[in-house]
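Below is one structure, written out as structure tokens; comments come after it.
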Amino acid sequence: MPRFSVIVPAYQVQAYLHECLESVLSQSYADLEVIAVDDCSPDACGAILDEFAARDPRVRPVHLPENRGLGPARNAGMERAVGDYLVFLDGDDTLTPGALQAVADRLKETGEPDVLVYDYARTYWTGEAVRNRAAARLAQEGPAPFRLEDRPGLLELLMVAWNKTCRRGFVERRGFTFPPGYYEDTPWTYPVLMAAESIATLDRVCVHYRQRRRGSILGTPSERHLDVFAQYDRVFAFLESDPALERWRPVLYRRMADHLATVFTRPDRLPRSLRAEFLRRARAHCRRHRVPGAPAPLPARLRHALIRLGLRRAYAALRLASALRRRTVRLTARVLRGVRAGVLRLHYRLQRALPLRADRAVFAAHDGRGHGGNPGALEAAFRSFAPHVRTAWAAAPEHHHTIPPGPRRLTPGTAAYWTALARSRYLVAGGSFEGRLVKRRGQVLVRTPAGTPLKHTGLDLQERPAAARGTDFARLLRDVDTWDYVLSANRHSTLTWERVYPGRYTTLECGQPRADVFQRATAADVARLRETLGIPEGTVAILYAPTHRDHHRTQRAALDLGRVLTRLGPRFMVLARAHPRHGGPLAESRGRVLDVSDHPSVESLCLASDVLVTDCSSLMFDYAALDRPIVVHTADLEVFKAACGTYFDLRSFPPGATARSEDELIDVFATGHWRGSRSSQLRAAFRERFCPYDDGRAAERVVRHLVLGETDLPPVVPLAERRPVPSAAASLARSPLTAVPQPAGPRPVTDGR
């Protein structure tokens, strides 16, 4: 019995059917059957299905004696399906590579739900692909599986069969089938979602929904568009069959009214002769199914009322007035933005004509974030070792609270900001300044890349489109040409930066300024930080900080942190830190899980923790300077390497113990390998390679060389003589977990053990 039955109805799609079937049969997950239904198509669809069946036994063609329509064709496929789950795919659409593997993994992860909803992208004949704008509804955070009442927003998605996979047993038990006629998806998808005992989501584009230039069924004017009324009658009849479903009537009424308005206003659907008839029937349907007082936005209520009253001319006038208002607002806003931008450009040009101020320096972190990282450490060093230079920090207003007393606060895009960029001698940034920055003669621009590179960056991203995410490489090289100095933590970073950011700058290989605090902090500082975070005494604090997956839109924890802590016992807690590009919390703060994604200082979190658990985050290189245990969770390392690329094999040269699964990770802690002798040996080799200069004086060396012009810089303290502040758990018994039950399954991977 296959895992998936992929049902593909085919009618007049001969030009696209090959690509459709190839996208299914070439899936990396091969446990499937394809039930391809020739709906008595007058073109070559039937012959194409037979050709595929002759070369691949997984293809089972079905030839209908007469054309029945998309719904009955799908029913014919379901009657012959034997797979665990039903997957619907129209004959002119395609599955994305790896889609079925991702679906299978998500089904297993969420306990075999009745329905799994995934995402799609519209692919146009021009080659453009646009992802579903309502994709946020598919976020995988929170409990899973769930019921529709837990996430009713799923009803806002496109109500089609091909963005869902349904458990065949559930469909057969409830007797769900597709009706004949246009809009056959409507009386299928709503009842399926409402009846499902368990639903899960997959935030991944699994289907490419082809937008044909010509020939789409729904884009052809026809009286068949009147079928939409019978389809909604079926939806409301399903509601009436179960009193418990009445709670969905207001939502379905709003969705119906919006759908009817869409059909009515699309010029490619209704012939002019049928518009009055359509509006008359729409008025009858709205009156019949209306729920008085149902909450809805004012524009929607007005639109629904006009349809319900059958005021066709008033409806057209309202649409015209709304369109004019939107255009006016957009035009006014565009004009005001243009005027403001012109004034600021003129201001910046005038400021550039004035003399530079040798005693001014502007600092900024990547993406306008708050004070911290390498620029933050350098700004503090400027105030300590070059106090004659007045510093300013540029950050978005919501990050101003992170800026310490001393530097001036600047908001990007303001006149004061452009004045500072035009007149300051030193410009120090973790990323790029404004695209309109004109570097003046005499200005010194210092670039501080974010840590030691593990995944591909710079020009290497040209071969990694999933990670590049539309990077403008021409602009990148223009930025590189403005750099005077680039900071490097080690020889590996130097060789990488100079290759992927080719330019005439000077590389300062002097260590990681943001890691200086690890050598200067005291045990009292660690105790204070732990108390601030609420870490109980005698607790092992795990800092969990996964990297950003550029090939995923929704970032989520790869670990079930609650389960991990349950297995490890009360002596452990987790500080969950999302990547800055995550855009939200990594986990819900509950019990012994504390989400610290909004904490302004990752360096403080490192000091407060006792061990780092990460995957491919560059934070491991900073944390190694602390000489504290690091555990690498490599569950999806191969996928990550394929999508983003890595500069060395993390499993061959890890900073500590590694685990390929959640159970292996639990075992690493349960057995004490997380801080065993082998872990210490691996970390020592890792520190020697990547932390040669991180002795607490990296920022000082940069300022002395850059600002004071000194050549006799402080010598680097050898690794053996460095004494970073120990963790709070360093004094605990070597193995506090002897009573923790060992997880079943293979032993953890601690390379070379």
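Just remember, in the structure tokens the first chain shown is A, the second B, etc., residues are 1-based per chain, and ligands are 1-based in the order shown.
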Exercise for the section: Quick one: pick out all strand (DSSP E) residues within stretch 216-411 of chain A from a backbone DSSP run and write them as a ChimeraX atom specification. Expected result: /A:357-364,390-394,408-410
Handout entry: Residue set, stretch 424-613 of chain A restricted to alpha helix (DSSP H), as a ChimeraX atom specification
Key = /A:465-468,473-480,491-500,516-520,523-533,561-568,602-608
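The protein and nucleic acid residues lying at most 7 Å from stretch 510-519 of chain A are Gly373, Asn374, Ala377, Leu378, Ser488, Ala489, Asn490, Asp622, Ala625, Leu626, Tyr693, Asp694, Asp695, Gly696, Arg697, Ala698, Ala699, Arg723, Pro724 and Val725 of chain A, with only C-alpha atoms considered and sequence neighbours fewer than 3 positions away removed.
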Exercise for the section: For A:Gly111, list every protein, DNA or RNA residue within 10 Å, evaluated using only C-alpha atoms, and leave out those in the same chain fewer than 4 positions away; present the list as a ChimeraX atom specification. Expected result: /A:106-107,144-145,198-200
Could you take the residues named above and write them with C-alpha atoms, as a CSV table (one decimal), in the first residue's frame?
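Okay, out-v2.csv is ready:
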```csv
chain,number,residue,atom,x,y,z
A,106,ARG,CA,5.4,16.8,8.4
A,107,LEU,CA,2.7,14.1,8.6
A,144,ALA,CA,0.1,20.5,16.0
A,145,PRO,CA,-2.1,18.9,15.1
A,198,SER,CA,-6.9,16.9,13.4
A,199,ILE,CA,-5.3,19.4,11.0
A,200,ALA,CA,-1.6,20.4,10.5
```
Practice task
Rank nothing, just name the residue among A:Leu89, A:Ala47, A:Asp39, A:Ser652 nearest to A:Ser5, using only C-alpha atoms.
Solution key: A:Leu89
Any idea what's packed within 6 Å of stretch 69-83 of chain A, counting only C-alpha atoms, ignoring anything in its chain fewer than 6 positions away? Could you give it as a PDB file with N, CA, C and O atoms, in the first residue's frame?
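Final output, part.pdb:
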```pdb
ATOM      1  N   MET A   1       0.852  -1.195   0.000  1.00  0.00           N
ATOM      2  CA  MET A   1       0.000   0.000   0.000  1.00  0.00           C
ATOM      3  C   MET A   1       0.888   1.246   0.000  1.00  0.00           C
ATOM      4  O   MET A   1       1.702   1.441   0.909  1.00  0.00           O
ATOM      5  N   PRO A   2       0.788   2.130  -1.010  1.00  0.00           N
ATOM      6  CA  PRO A   2       1.647   3.316  -1.061  1.00  0.00           C
ATOM      7  C   PRO A   2       1.249   4.342  -0.004  1.00  0.00           C
ATOM      8  O   PRO A   2       0.131   4.331   0.506  1.00  0.00           O
ATOM      9  N   ARG A   3       2.180   5.231   0.267  1.00  0.00           N
ATOM     10  CA  ARG A   3       1.913   6.304   1.227  1.00  0.00           C
ATOM     11  C   ARG A   3       0.968   7.341   0.634  1.00  0.00           C
ATOM     12  O   ARG A   3       0.062   7.823   1.293  1.00  0.00           O
ATOM     13  N   PHE A   4       1.183   7.684  -0.646  1.00  0.00           N
ATOM     14  CA  PHE A   4       0.382   8.731  -1.280  1.00  0.00           C
ATOM     15  C   PHE A   4      -0.288   8.203  -2.540  1.00  0.00           C
ATOM     16  O   PHE A   4       0.318   7.475  -3.329  1.00  0.00           O
ATOM     17  N   SER A   5      -1.536   8.600  -2.736  1.00  0.00           N
ATOM     18  CA  SER A   5      -2.229   8.429  -4.015  1.00  0.00           C
ATOM     19  C   SER A   5      -2.379   9.819  -4.613  1.00  0.00           C
ATOM     20  O   SER A   5      -3.138  10.648  -4.100  1.00  0.00           O
ATOM     21  N   ILE A   7      -3.742  12.060  -7.361  1.00  0.00           N
ATOM     22  CA  ILE A   7      -4.840  12.004  -8.328  1.00  0.00           C
ATOM     23  C   ILE A   7      -4.724  13.192  -9.271  1.00  0.00           C
ATOM     24  O   ILE A   7      -4.774  14.354  -8.840  1.00  0.00           O
ATOM     25  N   PRO A   9      -6.436  14.685 -12.618  1.00  0.00           N
ATOM     26  CA  PRO A   9      -7.420  14.718 -13.704  1.00  0.00           C
ATOM     27  C   PRO A   9      -6.833  15.468 -14.896  1.00  0.00           C
ATOM     28  O   PRO A   9      -6.086  16.437 -14.727  1.00  0.00           O
ATOM     29  N   ILE A  35      -2.750   8.178  -9.979  1.00  0.00           N
ATOM     30  CA  ILE A  35      -3.992   7.793 -10.656  1.00  0.00           C
ATOM     31  C   ILE A  35      -4.347   8.950 -11.581  1.00  0.00           C
ATOM     32  O   ILE A  35      -4.843   9.993 -11.143  1.00  0.00           O
ATOM     33  N   PHE A 178     -16.532  15.019  -4.666  1.00  0.00           N
ATOM     34  CA  PHE A 178     -16.610  16.297  -5.364  1.00  0.00           C
ATOM     35  C   PHE A 178     -17.896  16.351  -6.167  1.00  0.00           C
ATOM     36  O   PHE A 178     -18.277  15.376  -6.832  1.00  0.00           O
ATOM     37  N   PRO A 179     -18.589  17.488  -6.155  1.00  0.00           N
ATOM     38  CA  PRO A 179     -19.809  17.625  -6.960  1.00  0.00           C
ATOM     39  C   PRO A 179     -19.444  17.973  -8.399  1.00  0.00           C
ATOM     40  O   PRO A 179     -18.319  18.366  -8.698  1.00  0.00           O
ATOM     41  N   PRO A 180     -20.379  17.868  -9.322  1.00  0.00           N
ATOM     42  CA  PRO A 180     -20.131  18.310 -10.698  1.00  0.00           C
ATOM     43  C   PRO A 180     -20.178  19.833 -10.777  1.00  0.00           C
ATOM     44  O   PRO A 180     -20.623  20.515  -9.850  1.00  0.00           O
ATOM     45  N   GLU A 184     -16.052  23.340  -7.976  1.00  0.00           N
ATOM     46  CA  GLU A 184     -16.281  22.077  -7.272  1.00  0.00           C
ATOM     47  C   GLU A 184     -15.448  21.962  -6.005  1.00  0.00           C
ATOM     48  O   GLU A 184     -15.757  21.159  -5.116  1.00  0.00           O
TER      49      GLU A 184
END
```
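Shell of stretch 564-574 of chain A at 7 Å, with only C-alpha atoms counted and residues fewer than 6 places along the chain excluded, is Thr539, Val540, Ala541, Ile542, Leu543, Tyr544, Arg592, Val593, Leu594, Ile666, Ala670 and Val740 of chain A.
Of the residues under consideration (A:Leu495, A:Ile48, A:Val13, A:Leu708), A:Leu708 shows the shortest atom-to-atom contact distance to A:Ala386 when counting only C-alpha atoms.
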Fill in the blank from the handout: re atom CA of A:Ala261 and atom CA of A:Arg288: distance 16.3 Å
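Rounded to one decimal, atom CA of A:Gly562 and atom CA of A:Phe621 lie 26.9 Å from each other.
One distance worth recording is that between atom CA of A:Pro718 and atom CA of A:Pro692, which is 7.8 Å.
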Exercise for the section: For stretch 678-691 of chain A, list every protein, DNA or RNA residue within 9 Å, evaluated using only C-alpha atoms, and leave out those in the same chain fewer than 2 positions away; present the list as a PyMOL selection string. Expected result: chain A and resi 452+489-493+511-512+621-622+624-625+627-631+653-657+673-676+693-695+719+750-753
